[in-house]
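For reference, work31.txt (compact mmCIF, C-alpha atoms):
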# COMPACT_ATOMS: atom_id res chain seq x y z
CA MET J 1 14.38 -7.49 78.33
CA TRP J 2 18.07 -7.95 77.68
CA LEU J 3 18.36 -5.00 75.26
CA SER J 4 15.89 -2.32 76.30
CA PHE J 5 16.34 -0.21 73.16
CA ILE J 6 15.00 -3.12 71.07
CA LYS J 7 11.90 -3.43 73.24
CA ASN J 8 11.31 0.32 72.94
CA LEU J 9 10.94 -0.08 69.18
CA HIS J 10 7.54 -1.72 69.70
CA SER J 11 6.36 -0.44 73.09
CA TYR J 12 5.40 2.80 74.78
CA LYS J 13 4.89 3.74 78.42
CA GLU J 14 3.51 6.77 80.25
CA VAL J 15 2.86 7.61 83.88
CA TRP J 16 -0.34 9.55 84.52
CA VAL J 17 -1.04 11.58 87.67
CA HIS J 18 -4.65 11.45 88.89
CA GLU J 19 -6.71 12.41 91.95
CA LYS J 20 -9.44 9.78 91.80
CA GLU J 21 -9.97 6.49 93.59
CA ASN J 22 -8.39 3.44 91.98
CA ALA J 23 -11.74 1.83 91.16
CA GLU J 24 -13.06 5.04 89.59
CA ILE J 25 -10.05 5.61 87.35
CA LEU J 26 -10.03 1.95 86.26
CA LYS J 27 -13.76 2.04 85.50
CA THR J 28 -13.27 5.22 83.48
CA ILE J 29 -10.50 3.58 81.42
CA ILE J 30 -12.78 0.61 80.72
CA ASN J 31 -15.69 2.86 79.77
CA SER J 32 -13.43 4.89 77.44
CA LEU J 33 -12.55 1.82 75.38
CA GLU J 34 -15.80 1.99 73.42
CA LEU J 35 -15.10 5.61 72.49
CA LEU J 36 -11.54 4.67 71.54
CA GLN J 37 -12.82 1.85 69.35
CA ASN J 38 -15.38 4.14 67.69
CA GLU J 39 -12.67 6.72 66.89
CA ASP J 40 -10.56 4.06 65.18
CA LYS J 41 -11.56 3.91 61.52
CA LYS J 42 -9.49 0.79 60.82
CA GLY J 43 -11.54 -1.66 62.87
CA THR J 44 -9.33 -2.25 65.90
CA VAL J 45 -10.95 -4.48 68.53
CA TYR J 46 -10.32 -3.99 72.27
CA ASP J 47 -10.82 -7.07 74.43
CA ILE J 48 -10.60 -6.76 78.22
CA HIS J 49 -8.45 -9.68 79.29
CA LYS J 50 -7.87 -9.12 83.00
CA VAL J 51 -9.12 -6.78 85.70
CA SER J 52 -7.77 -7.26 89.21
CA GLN J 53 -10.31 -7.44 92.01
CA ASP J 54 -8.51 -4.75 93.99
CA SER J 55 -8.76 -2.28 91.06
CA THR J 56 -5.01 -1.96 90.60
CA PHE J 57 -4.43 -3.70 87.26
CA LEU J 58 -6.09 -3.89 83.84
CA ARG J 59 -4.90 -5.78 80.74
CA ILE J 60 -6.50 -5.24 77.34
CA PHE J 61 -5.79 -7.27 74.21
CA VAL J 62 -5.88 -5.06 71.13
CA PHE J 63 -6.40 -6.76 67.78
CA THR J 64 -5.48 -4.42 64.93
CA TRP J 65 -7.09 -4.41 61.49
CA ALA J 66 -4.24 -6.66 60.25
CA GLU J 67 -4.73 -9.10 63.20
CA TRP J 68 -1.60 -8.12 65.06
CA LEU J 69 -1.98 -8.57 68.79
CA ASP J 70 -0.97 -5.59 70.89
CA VAL J 71 -1.39 -5.42 74.65
CA MET J 72 -2.30 -2.45 76.82
CA GLU J 73 -1.63 -2.67 80.56
CA PHE J 74 -2.62 -0.21 83.26
CA THR J 75 -1.26 -0.43 86.78
CA VAL J 76 -3.09 1.91 89.14
CA HIS J 77 -1.37 3.28 92.23
CA LYS J 78 -2.66 5.79 94.77
CA ASP J 79 -1.87 8.90 92.71
CA THR J 80 -0.54 7.51 89.44
CA VAL J 81 -1.36 5.15 86.60
CA GLU J 82 1.35 3.35 84.66
CA ALA J 83 0.00 3.04 81.12
CA CYS J 84 1.90 0.70 78.82
CA SER J 85 1.18 -0.55 75.31
CA PHE J 86 3.32 -3.04 73.42
CA SER J 87 3.23 -5.24 70.35
CA SER J 88 3.36 -8.94 71.10
CA GLY J 89 5.01 -10.34 68.01
CA LEU J 90 6.62 -9.91 64.64
CA PHE J 91 3.84 -11.53 62.61
CA PRO J 92 0.04 -11.11 62.64
CA LEU J 93 -2.15 -13.82 64.12
CA PHE J 94 -4.01 -14.75 60.94
CA ILE J 95 -0.97 -16.80 59.86
CA PRO J 96 -1.23 -20.40 61.16
CA PHE J 97 1.05 -21.18 64.12
CA THR J 98 2.13 -17.55 64.38
CA SER J 99 2.07 -17.62 68.17
CA ILE J 100 4.79 -20.26 68.16
CA VAL J 101 6.81 -18.49 65.48
CA ASN J 102 6.57 -15.18 67.35
CA CYS J 103 7.86 -16.87 70.52
CA VAL J 104 10.83 -18.31 68.66
CA LEU J 105 11.58 -14.94 67.04
CA PHE J 106 11.18 -12.86 70.22
CA TRP J 107 14.69 -11.45 69.76
CA VAL J 108 14.04 -9.94 66.31
CA PRO J 109 13.64 -6.14 66.53
CA PHE J 110 10.62 -4.61 64.80
CA LEU J 111 8.86 -1.24 64.72
CA ASP J 112 5.26 -0.58 65.62
CA ASN J 113 5.14 2.61 63.51
CA GLY J 114 4.04 4.59 66.56
CA LEU J 115 0.74 2.74 67.00
CA ASN J 116 1.30 2.03 70.69
CA LYS J 117 2.20 5.65 71.43
CA ASN J 118 -0.83 6.91 69.50
CA ARG J 119 -3.14 4.45 71.27
CA ILE J 120 -1.99 5.57 74.74
CA ALA J 121 -2.18 9.24 73.71
CA SER J 122 -5.72 8.79 72.35
CA LEU J 123 -6.89 7.16 75.56
CA ARG J 124 -5.20 9.84 77.66
CA THR J 125 -7.05 12.49 75.62
CA LEU J 126 -10.36 10.78 76.40
CA LEU J 127 -9.44 10.81 80.10
CA LYS J 128 -8.30 14.45 80.17
CA THR J 129 -10.69 15.38 82.99
CA TYR J 130 -9.19 12.66 85.19
CA ILE J 131 -5.49 13.05 84.41
CA LYS J 132 -3.71 16.08 85.82
CA GLU J 133 -0.39 15.48 84.08
CA PHE J 134 1.61 12.75 82.38
CA LYS J 135 5.19 11.79 81.74
CA ALA J 136 6.49 9.50 79.00
CA SER J 137 9.07 7.00 80.13

I'd like the structure from this file rewritten - as structure tokens, please.
Amino acid sequence: MWLSFIKNLHSYKEVWVHEKENAEILKTIINSLELLQNEDKKGTVYDIHKVSQDSTFLRIFVFTWAEWLDVMEFTVHKDTVEACSFSSGLFPLFIPFTSIVNCVLFWVPFLDNGLNKNRIASLRTLLKTYIKEFKAS
């Protein structure tokens, strides 16, 4: 993005260090989504959008209680996982034509109130037996 500090207002990224096989860590992330959804008392829905066949990438669409679309992406490397969560737009999806409006207003800065950071941290907590250490970036 052209101004990274604006993007950081509504995104969060961590790098996790692990010792498992790519397929195993990816499967564990997927299996942890149900627990993550059960912990959320506001009715957030996690929808698996894309899983690469070589077990190196996972994209999850997260629909919040207010119908905002957030995206979680996990890129798995040999010893690390890049975990990223970001909000996709300024307005929630229940408003007609919001996808178009959000595209037009991509440049408008907005806060996510720490939801993306909390979501990544909650998932990391569920995976504590698999993750040796992490670093926020």

Select, from J:Val81, J:Val45, J:Leu90, J:Val15, the residue with the minimum atom-to-atom distance to J:Phe63, counting only C-alpha atoms. J:Val45

Neighbours of point (1.7, 9.0, 88.9) within 12 Å, using only C-alpha atoms, written as JSON, numbers by chain: {"J": [14, 15, 16, 17, 18, 19, 20, 22, 74, 75, 76, 77, 78, 79, 80, 81, 82, 83, 131, 132, 133, 134, 135, 136, 137]}

Using all atoms listed in the file, determine which residues lie at most 9 Å from stretch 103-108 of chain J, disregarding the query and same-chain residues fewer than 3 positions distant; provide the list as a list of chain:residue names.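 Counting all atoms listed in the file, the residues come to J:Ile6, J:Ser88, J:Gly89, J:Leu90, J:Thr98, J:Ser99, J:Ile100.
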
Shortest interatomic distance to J:Asn118 - which of J:Trp65, J:Tyr12, J:Phe97, J:Phe91, counting only C-alpha atoms: J:Tyr12

Shortest interatomic distance to J:Ser11 - which of J:Thr129, J:Gln53, J:Asn102, J:Asn116, counting all atoms listed in the file: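 Of J:Thr129, J:Gln53, J:Asn102, J:Asn116, the one nearest J:Ser11, counting all atoms listed in the file, is J:Asn116.
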
Residues within 10 Å of J:Leu33, please, as JSON, numbers by chain. Count only C-alpha atoms; anything in the same chain fewer than 6 positions from it doesn't count. {"J": [39, 45, 46, 47, 48, 60, 123, 126]}

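Neighbours of J:Asp112 closer than or equal to 10 Å, with all atoms listed in the file counted and sequence neighbours fewer than 5 positions away skipped, come out as Asn8, Leu9, His10, Ser11, Tyr12, Asp70, Phe86, Ser87, Leu90 and Lys117 of chain J.
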
Have a look at atom CA of J:Thr64 and atom CA of J:Gly43 and let me know their distance in Å, one decimal.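 Straight-line distance from atom CA of J:Thr64 to atom CA of J:Gly43 works out to 7.0 Å.
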
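For the choices J:Pro96, J:Ser85, J:Ala66, J:Val51, the atom-to-atom distance to J:Ala121 is smallest for J:Ser85 when using only C-alpha atoms.
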
Rebuild stretch 74-85 of chain J so that it carries all heavy atoms, then output the result as a short mmCIF file (atom, residue, chain, number, x, y, z; two decimals), keeping the file's coordinate frame.
data_model
loop_
_atom_site.label_atom_id
_atom_site.label_comp_id
_atom_site.auth_asym_id
_atom_site.auth_seq_id
_atom_site.Cartn_x
_atom_site.Cartn_y
_atom_site.Cartn_z
N PHE J 74 -2.49 -1.36 82.38
CA PHE J 74 -2.62 -0.21 83.26
C PHE J 74 -2.46 -0.68 84.70
O PHE J 74 -3.21 -1.54 85.16
CB PHE J 74 -3.98 0.46 83.08
CG PHE J 74 -4.22 0.93 81.67
CD1 PHE J 74 -4.82 0.09 80.75
CD2 PHE J 74 -3.81 2.18 81.27
CE1 PHE J 74 -5.02 0.50 79.45
CE2 PHE J 74 -4.01 2.60 79.98
CZ PHE J 74 -4.61 1.76 79.05
N THR J 75 -1.47 -0.13 85.38
CA THR J 75 -1.26 -0.43 86.78
C THR J 75 -1.59 0.83 87.57
O THR J 75 -0.95 1.87 87.37
CB THR J 75 0.20 -0.87 87.04
OG1 THR J 75 0.50 -1.95 86.16
CG2 THR J 75 0.38 -1.31 88.47
N VAL J 76 -2.59 0.75 88.43
CA VAL J 76 -3.09 1.91 89.14
C VAL J 76 -2.51 1.94 90.55
O VAL J 76 -2.61 0.96 91.29
CB VAL J 76 -4.64 1.91 89.20
CG1 VAL J 76 -5.15 3.16 89.90
CG2 VAL J 76 -5.22 1.78 87.80
N HIS J 77 -1.89 3.05 90.89
CA HIS J 77 -1.37 3.28 92.23
C HIS J 77 -2.20 4.39 92.86
O HIS J 77 -3.14 4.90 92.25
CB HIS J 77 0.11 3.68 92.18
CG HIS J 77 0.96 2.66 91.47
ND1 HIS J 77 1.31 1.46 92.05
CD2 HIS J 77 1.51 2.66 90.24
CE1 HIS J 77 2.04 0.77 91.20
NE2 HIS J 77 2.19 1.48 90.10
N LYS J 78 -1.86 4.79 94.05
CA LYS J 78 -2.66 5.79 94.77
C LYS J 78 -2.84 7.08 93.97
O LYS J 78 -3.96 7.58 93.85
CB LYS J 78 -2.00 6.10 96.12
CG LYS J 78 -2.80 7.06 96.95
CD LYS J 78 -2.14 7.35 98.27
CE LYS J 78 -2.99 8.35 99.02
NZ LYS J 78 -2.24 9.05 100.02
N ASP J 79 -1.77 7.64 93.44
CA ASP J 79 -1.87 8.90 92.71
C ASP J 79 -1.45 8.82 91.25
O ASP J 79 -1.47 9.82 90.55
CB ASP J 79 -0.99 9.97 93.40
CG ASP J 79 -1.45 10.26 94.82
OD1 ASP J 79 -2.67 10.24 95.05
OD2 ASP J 79 -0.58 10.49 95.68
N THR J 80 -1.03 7.64 90.81
CA THR J 80 -0.54 7.51 89.44
C THR J 80 -1.09 6.26 88.75
O THR J 80 -1.54 5.33 89.41
CB THR J 80 1.01 7.42 89.40
OG1 THR J 80 1.42 6.26 90.11
CG2 THR J 80 1.65 8.67 89.97
N VAL J 81 -1.04 6.30 87.43
CA VAL J 81 -1.36 5.15 86.60
C VAL J 81 -0.19 4.93 85.66
O VAL J 81 0.23 5.86 84.98
CB VAL J 81 -2.64 5.38 85.77
CG1 VAL J 81 -2.90 4.20 84.84
CG2 VAL J 81 -3.84 5.64 86.65
N GLU J 82 0.34 3.72 85.65
CA GLU J 82 1.35 3.35 84.66
C GLU J 82 0.61 2.77 83.47
O GLU J 82 0.00 1.72 83.56
CB GLU J 82 2.32 2.32 85.22
CG GLU J 82 3.19 2.84 86.33
CD GLU J 82 4.07 1.75 86.92
OE1 GLU J 82 4.30 0.72 86.26
OE2 GLU J 82 4.49 1.92 88.07
N ALA J 83 0.67 3.48 82.34
CA ALA J 83 0.00 3.04 81.12
C ALA J 83 1.06 2.54 80.14
O ALA J 83 1.98 3.29 79.80
CB ALA J 83 -0.78 4.20 80.51
N CYS J 84 0.90 1.31 79.70
CA CYS J 84 1.90 0.70 78.82
C CYS J 84 1.18 0.00 77.68
O CYS J 84 0.15 -0.64 77.88
CB CYS J 84 2.74 -0.31 79.61
SG CYS J 84 3.99 -1.12 78.65
N SER J 85 1.71 0.14 76.47
CA SER J 85 1.18 -0.55 75.31
C SER J 85 2.35 -1.14 74.55
O SER J 85 3.35 -0.46 74.33
CB SER J 85 0.38 0.41 74.43
OG SER J 85 -0.20 -0.26 73.33
#
